[in-house]
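Engineer: Quick one: the structure is below, questions incoming.
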Amino acid sequence: MSDGKIQCAEYNDTFVLKCVGDVRLTFCSALNEKIEKILKAHSFKSIVIDLTEVISIDSTTLGLLAKLSILSRRKFGMLPTLASTNPDISRVLDSMGFNQVFNLVHTPTPCPECLDDLPEQDQSEAVVKERVLEAHHILMSLNESNRDEFRDLVSALESTPS
Amino acid sequence: MHSTSQQNSHQTVSEALLLLQKQHALLLEDQLAGRQLQQQIRPTTPWQAQGIDFAHCVIPALYLTGDSLDYFVLPDGRLLLYLADVSGHGTASALISMLLKNTVREFIFGAHASRSDAPVTPATVLAYLNQRLLTYDSDRHVTLICAIVDTVQNLLFWSVAGHLPAPVLYSAGRAAFLRGKGQPVGLFEHAKYNDEQMLLPDAFSLSLFSDGILEVLPEKHLITREAALPKLISAAQGDYAQIVERLGLANCSNMPDDIAMLVLSRNLA
């Protein structure tokens, strides 16, 4: 891990994954298992991923996000919401075709009109839109006042005996 | 008594150090052998077929690289090429890159290939790679560009799997990215790949890069680095040697990421 951080928080029925800075991962499968364990242990209704404070992201972390998309679709019948406001990061997500496997939001504040181009998923369009908006609100409130809610996933991983 | 135990511990430390040095040397030798094998397995450069010149270079971040490329003549006479970037770095990524080469060639030349009536297209190669990689469950995915040159009909076909930067076509003094996108291979079971095609100009060069190339450009952001690439190729008049020089690839070492570059060209002035 370099100067980047991968954190998570649970808020109501939502699992929040937040990446910050220059995110480079070297042990993807361990982190994958850790996240899967957390998701199994709680009854979440949706997953939201916050990349708004990411400066750069490596391919291994992108692979981890892809796995989360598959997991979310299987578990909740809908895709994770993914917030990205850095144009460099949005460019990478676009080149990977992630618009088809995430509900992407590119605005810093929730915007119902911006959700007309969401990919098809098992839940109805109305439900998906509502959850995406709700997820985006949760992100904002967590980022504004409740930063302590986030715990560092990678250091949690390092301190857990294997 | 005290001095004896100190002496003993000195001895143990120096023994341990010696052992470490030995192990390090062994590991290094092992990595260098792997690096050499990767070099040997890459296609000949420069290479020419049907009036098209191929040239490439690959610069590993450390010793082994997940960047790979290949080009060869298809059984029907067309030319196939690809440039791929395996996620992650180091030995595991390098192993996947070797697997990739074998899987592509198996798709083209294997028993399965001769039974199929449908002609090979870049998108069918990507779809096959996607299915094969998913069965390995390796926690590694691959972004790549695959292209086929048909010199009889003078057509270029290509397909993109999550790869950045896009290929750059230089012709008549201008350089521009080719269109097209798709998801990386080895991530999503239902990923779809599209074939793009265009008429090949009489004189052109086509440059493919792994994303490590963006790190050697001086611009600050990914988007501005990306935009600088066609400009650089335009200034280099699409010429392989000039592109290498302008990017400073001859002196690259200890890069944060692997770098791979493949240029094919025809009738360049």
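In the structure tokens, the first chain shown is A, the next is B, and so on; residue numbers restart at 1 for each chain, and ligands run from 1 in the order shown.
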Kindly determine which residues of chain B lie within 7 Å of chain A, considering only C-alpha atoms, and give the answer as a list in words.
Structural biologist: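 So the contacting residues turn out to be Ser87, Gly88, Asp139, His141, Gly162, His163, Leu164, Lys181, Gly182, Gln183, Pro184, Leu187, His221, Leu222 and Ile223 of chain B.
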Engineer: Could you save the residues just selected, with N, CA and C atoms, as an mmCIF file, in the first residue's frame?
Structural biologist:
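Output file again-v5.cif is given in full below:
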data_model
loop_
_atom_site.group_PDB
_atom_site.id
_atom_site.type_symbol
_atom_site.label_atom_id
_atom_site.label_comp_id
_atom_site.auth_asym_id
_atom_site.auth_seq_id
_atom_site.Cartn_x
_atom_site.Cartn_y
_atom_site.Cartn_z
ATOM 1 N N SER B 87 -3.411 -7.079 -14.914
ATOM 2 C CA SER B 87 -3.495 -6.265 -13.697
ATOM 3 C C SER B 87 -2.449 -6.733 -12.687
ATOM 4 N N GLY B 88 -1.996 -5.793 -11.856
ATOM 5 C CA GLY B 88 -0.964 -6.115 -10.880
ATOM 6 C C GLY B 88 0.425 -6.079 -11.515
ATOM 7 N N ASP B 139 -7.987 -13.839 -9.841
ATOM 8 C CA ASP B 139 -7.948 -12.502 -9.253
ATOM 9 C C ASP B 139 -7.123 -11.540 -10.094
ATOM 10 N N HIS B 141 -7.140 -9.584 -13.989
ATOM 11 C CA HIS B 141 -7.822 -9.363 -15.258
ATOM 12 C C HIS B 141 -6.833 -8.761 -16.252
ATOM 13 N N GLY B 162 -11.215 -2.785 -22.344
ATOM 14 C CA GLY B 162 -10.878 -1.981 -21.158
ATOM 15 C C GLY B 162 -9.513 -1.326 -21.186
ATOM 16 N N HIS B 163 -8.957 -1.155 -22.378
ATOM 17 C CA HIS B 163 -7.555 -0.739 -22.454
ATOM 18 C C HIS B 163 -7.390 0.766 -22.614
ATOM 19 N N LEU B 164 -6.429 1.285 -21.865
ATOM 20 C CA LEU B 164 -6.071 2.698 -21.929
ATOM 21 C C LEU B 164 -4.551 2.781 -22.044
ATOM 22 N N LYS B 181 -14.561 0.639 -27.254
ATOM 23 C CA LYS B 181 -14.279 0.239 -25.878
ATOM 24 C C LYS B 181 -15.064 -1.000 -25.503
ATOM 25 N N GLY B 182 -14.614 -1.634 -24.450
ATOM 26 C CA GLY B 182 -15.270 -2.848 -23.957
ATOM 27 C C GLY B 182 -14.668 -3.149 -22.608
ATOM 28 N N GLN B 183 -15.246 -4.087 -21.875
ATOM 29 C CA GLN B 183 -14.726 -4.384 -20.548
ATOM 30 C C GLN B 183 -13.450 -5.228 -20.634
ATOM 31 N N PRO B 184 -12.589 -5.165 -19.608
ATOM 32 C CA PRO B 184 -11.387 -6.013 -19.607
ATOM 33 C C PRO B 184 -11.791 -7.485 -19.684
ATOM 34 N N LEU B 187 -13.019 -10.552 -16.060
ATOM 35 C CA LEU B 187 -13.794 -9.989 -14.945
ATOM 36 C C LEU B 187 -15.263 -10.384 -15.014
ATOM 37 N N HIS B 221 -1.873 15.298 -15.209
ATOM 38 C CA HIS B 221 -3.064 14.474 -15.042
ATOM 39 C C HIS B 221 -3.176 13.422 -16.139
ATOM 40 N N LEU B 222 -3.875 12.360 -15.804
ATOM 41 C CA LEU B 222 -4.069 11.278 -16.758
ATOM 42 C C LEU B 222 -4.691 11.787 -18.057
ATOM 43 N N ILE B 223 -5.691 12.646 -17.940
ATOM 44 C CA ILE B 223 -6.398 13.122 -19.126
ATOM 45 C C ILE B 223 -5.488 13.979 -20.011
#
Engineer: For Cys57 in chain B, please output as a PyMOL selection string all residues within 9 Å (counting only C-alpha atoms; exclusion window: fewer than 4 positions along the same chain).
Structural biologist: chain B and resi 45+244+249+259-262
Engineer: Give me the residues within 12 Å of Ser210 in chain B as a ChimeraX atom specification, counting only C-alpha atoms and dropping any in the same chain fewer than 4 places off.
Structural biologist: /B:56-60,65-69,82-87,142-145,162-167,214-216,226,257-262
Engineer: According to DSSP computed on the backbone, where in range 6-155 of chain A is there strand (DSSP E)? Give the residues as number ranges by chain.
Structural biologist: A: 6-11, 14-23, 46-57, 81-83, 103-105, 151-152
Engineer: For the residues in the current selection, export C-alpha atoms as a tab-separated table (two decimals), in the first residue's frame.
Structural biologist:
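Generated output (again_1.tsv):
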chain	number	residue	atom	x	y	z
A	6	ILE	CA	-9.21	1.92	1.68
A	7	GLN	CA	-11.81	2.41	4.39
A	8	CYS	CA	-15.26	1.11	5.09
A	9	ALA	CA	-18.28	2.10	7.15
A	10	GLU	CA	-21.74	0.75	7.77
A	11	TYR	CA	-24.59	3.19	7.72
A	14	THR	CA	-25.71	0.46	3.44
A	15	PHE	CA	-22.13	-0.75	3.20
A	16	VAL	CA	-19.80	2.09	2.30
A	17	LEU	CA	-16.35	1.55	0.80
A	18	LYS	CA	-14.17	4.61	0.50
A	19	CYS	CA	-10.85	4.91	-1.33
A	20	VAL	CA	-8.61	7.93	-0.75
A	21	GLY	CA	-5.45	9.21	-2.40
A	22	ASP	CA	-3.07	7.15	-4.48
A	23	VAL	CA	-4.60	3.71	-4.13
A	46	SER	CA	-26.92	-1.80	-0.92
A	47	ILE	CA	-23.25	-1.05	-1.50
A	48	VAL	CA	-21.84	2.38	-2.22
A	49	ILE	CA	-18.26	3.10	-3.26
A	50	ASP	CA	-16.75	6.54	-2.85
A	51	LEU	CA	-13.87	7.41	-5.19
A	52	THR	CA	-14.33	11.19	-4.96
A	53	GLU	CA	-11.06	11.65	-3.03
A	54	VAL	CA	-8.98	9.31	-5.17
A	55	ILE	CA	-5.98	10.74	-7.03
A	56	SER	CA	-4.99	7.56	-8.82
A	57	ILE	CA	-6.12	3.96	-8.70
A	81	THR	CA	-23.46	2.98	-6.53
A	82	LEU	CA	-20.07	4.42	-7.42
A	83	ALA	CA	-19.28	8.10	-6.92
A	103	ASN	CA	-24.64	3.04	-10.95
A	104	LEU	CA	-22.17	5.82	-11.61
A	105	VAL	CA	-22.67	9.26	-10.10
A	151	ARG	CA	-12.33	2.37	9.66
A	152	ASP	CA	-9.27	1.44	7.70
Engineer: Could you tell me how far CA of Asp70 in chain B sits from CA of Pro43 in chain B, in Å to one decimal place?
Structural biologist: 5.9 Å
Engineer: Considering only C-alpha atoms, can you say which of A:Leu142, A:Met78, A:Cys114, A:Leu68 comes closest to Lys34 in chain A?
Structural biologist: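 Among the listed residues, A:Leu68 lies closest to Lys34 in chain A.
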Engineer: Env of Arg35 in chain B: 10 Å cut, atoms = only C-alpha atoms, seq-sep filter 4 positions within chain, self excluded. Answer as an NGL selection string.
Structural biologist: :B and (29-31 or 39-40 or 60 or 62-65 or 91 or 94)
Engineer: Would you export the selected residues with N, CA and C atoms as a PDB file, in the first residue's frame, please?
Structural biologist:
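Dumped everything to again-v8.pdb:
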ATOM      1  N   GLU B  29      18.707 -14.487  -9.562  1.00  0.00           N
ATOM      2  CA  GLU B  29      19.042 -15.341 -10.697  1.00  0.00           C
ATOM      3  C   GLU B  29      17.755 -15.887 -11.319  1.00  0.00           C
ATOM      4  N   ASP B  30      16.861 -16.296 -10.429  1.00  0.00           N
ATOM      5  CA  ASP B  30      15.586 -16.857 -10.857  1.00  0.00           C
ATOM      6  C   ASP B  30      14.780 -15.828 -11.653  1.00  0.00           C
ATOM      7  N   GLN B  31      14.713 -14.604 -11.125  1.00  0.00           N
ATOM      8  CA  GLN B  31      13.970 -13.524 -11.784  1.00  0.00           C
ATOM      9  C   GLN B  31      14.589 -13.189 -13.141  1.00  0.00           C
ATOM     10  N   GLN B  39      11.585 -12.443 -22.716  1.00  0.00           N
ATOM     11  CA  GLN B  39      12.119 -11.782 -23.905  1.00  0.00           C
ATOM     12  C   GLN B  39      12.141 -12.735 -25.092  1.00  0.00           C
ATOM     13  N   GLN B  40      12.590 -13.973 -24.823  1.00  0.00           N
ATOM     14  CA  GLN B  40      12.715 -14.946 -25.911  1.00  0.00           C
ATOM     15  C   GLN B  40      11.371 -15.287 -26.513  1.00  0.00           C
ATOM     16  N   PRO B  60      10.103  -3.970 -18.330  1.00  0.00           N
ATOM     17  CA  PRO B  60       9.485  -4.413 -17.072  1.00  0.00           C
ATOM     18  C   PRO B  60       9.757  -3.399 -15.951  1.00  0.00           C
ATOM     19  N   LEU B  62      10.153  -4.205 -12.859  1.00  0.00           N
ATOM     20  CA  LEU B  62      11.235  -4.812 -12.087  1.00  0.00           C
ATOM     21  C   LEU B  62      11.962  -5.814 -12.993  1.00  0.00           C
ATOM     22  N   TYR B  63      11.646  -7.087 -12.876  1.00  0.00           N
ATOM     23  CA  TYR B  63      12.276  -8.067 -13.762  1.00  0.00           C
ATOM     24  C   TYR B  63      11.254  -8.699 -14.686  1.00  0.00           C
ATOM     25  N   LEU B  64      10.156  -9.150 -14.080  1.00  0.00           N
ATOM     26  CA  LEU B  64       9.123  -9.819 -14.868  1.00  0.00           C
ATOM     27  C   LEU B  64       8.010  -8.824 -15.152  1.00  0.00           C
ATOM     28  N   THR B  65       7.286  -9.053 -16.236  1.00  0.00           N
ATOM     29  CA  THR B  65       6.262  -8.083 -16.613  1.00  0.00           C
ATOM     30  C   THR B  65       4.933  -8.744 -16.968  1.00  0.00           C
ATOM     31  N   THR B  91       5.630 -11.499 -10.659  1.00  0.00           N
ATOM     32  CA  THR B  91       5.627 -12.873 -11.146  1.00  0.00           C
ATOM     33  C   THR B  91       4.237 -13.376 -11.530  1.00  0.00           C
ATOM     34  N   ALA B  94       3.088 -11.872 -14.657  1.00  0.00           N
ATOM     35  CA  ALA B  94       3.903 -12.381 -15.760  1.00  0.00           C
ATOM     36  C   ALA B  94       3.436 -13.774 -16.172  1.00  0.00           C
TER      37      ALA B  94
END
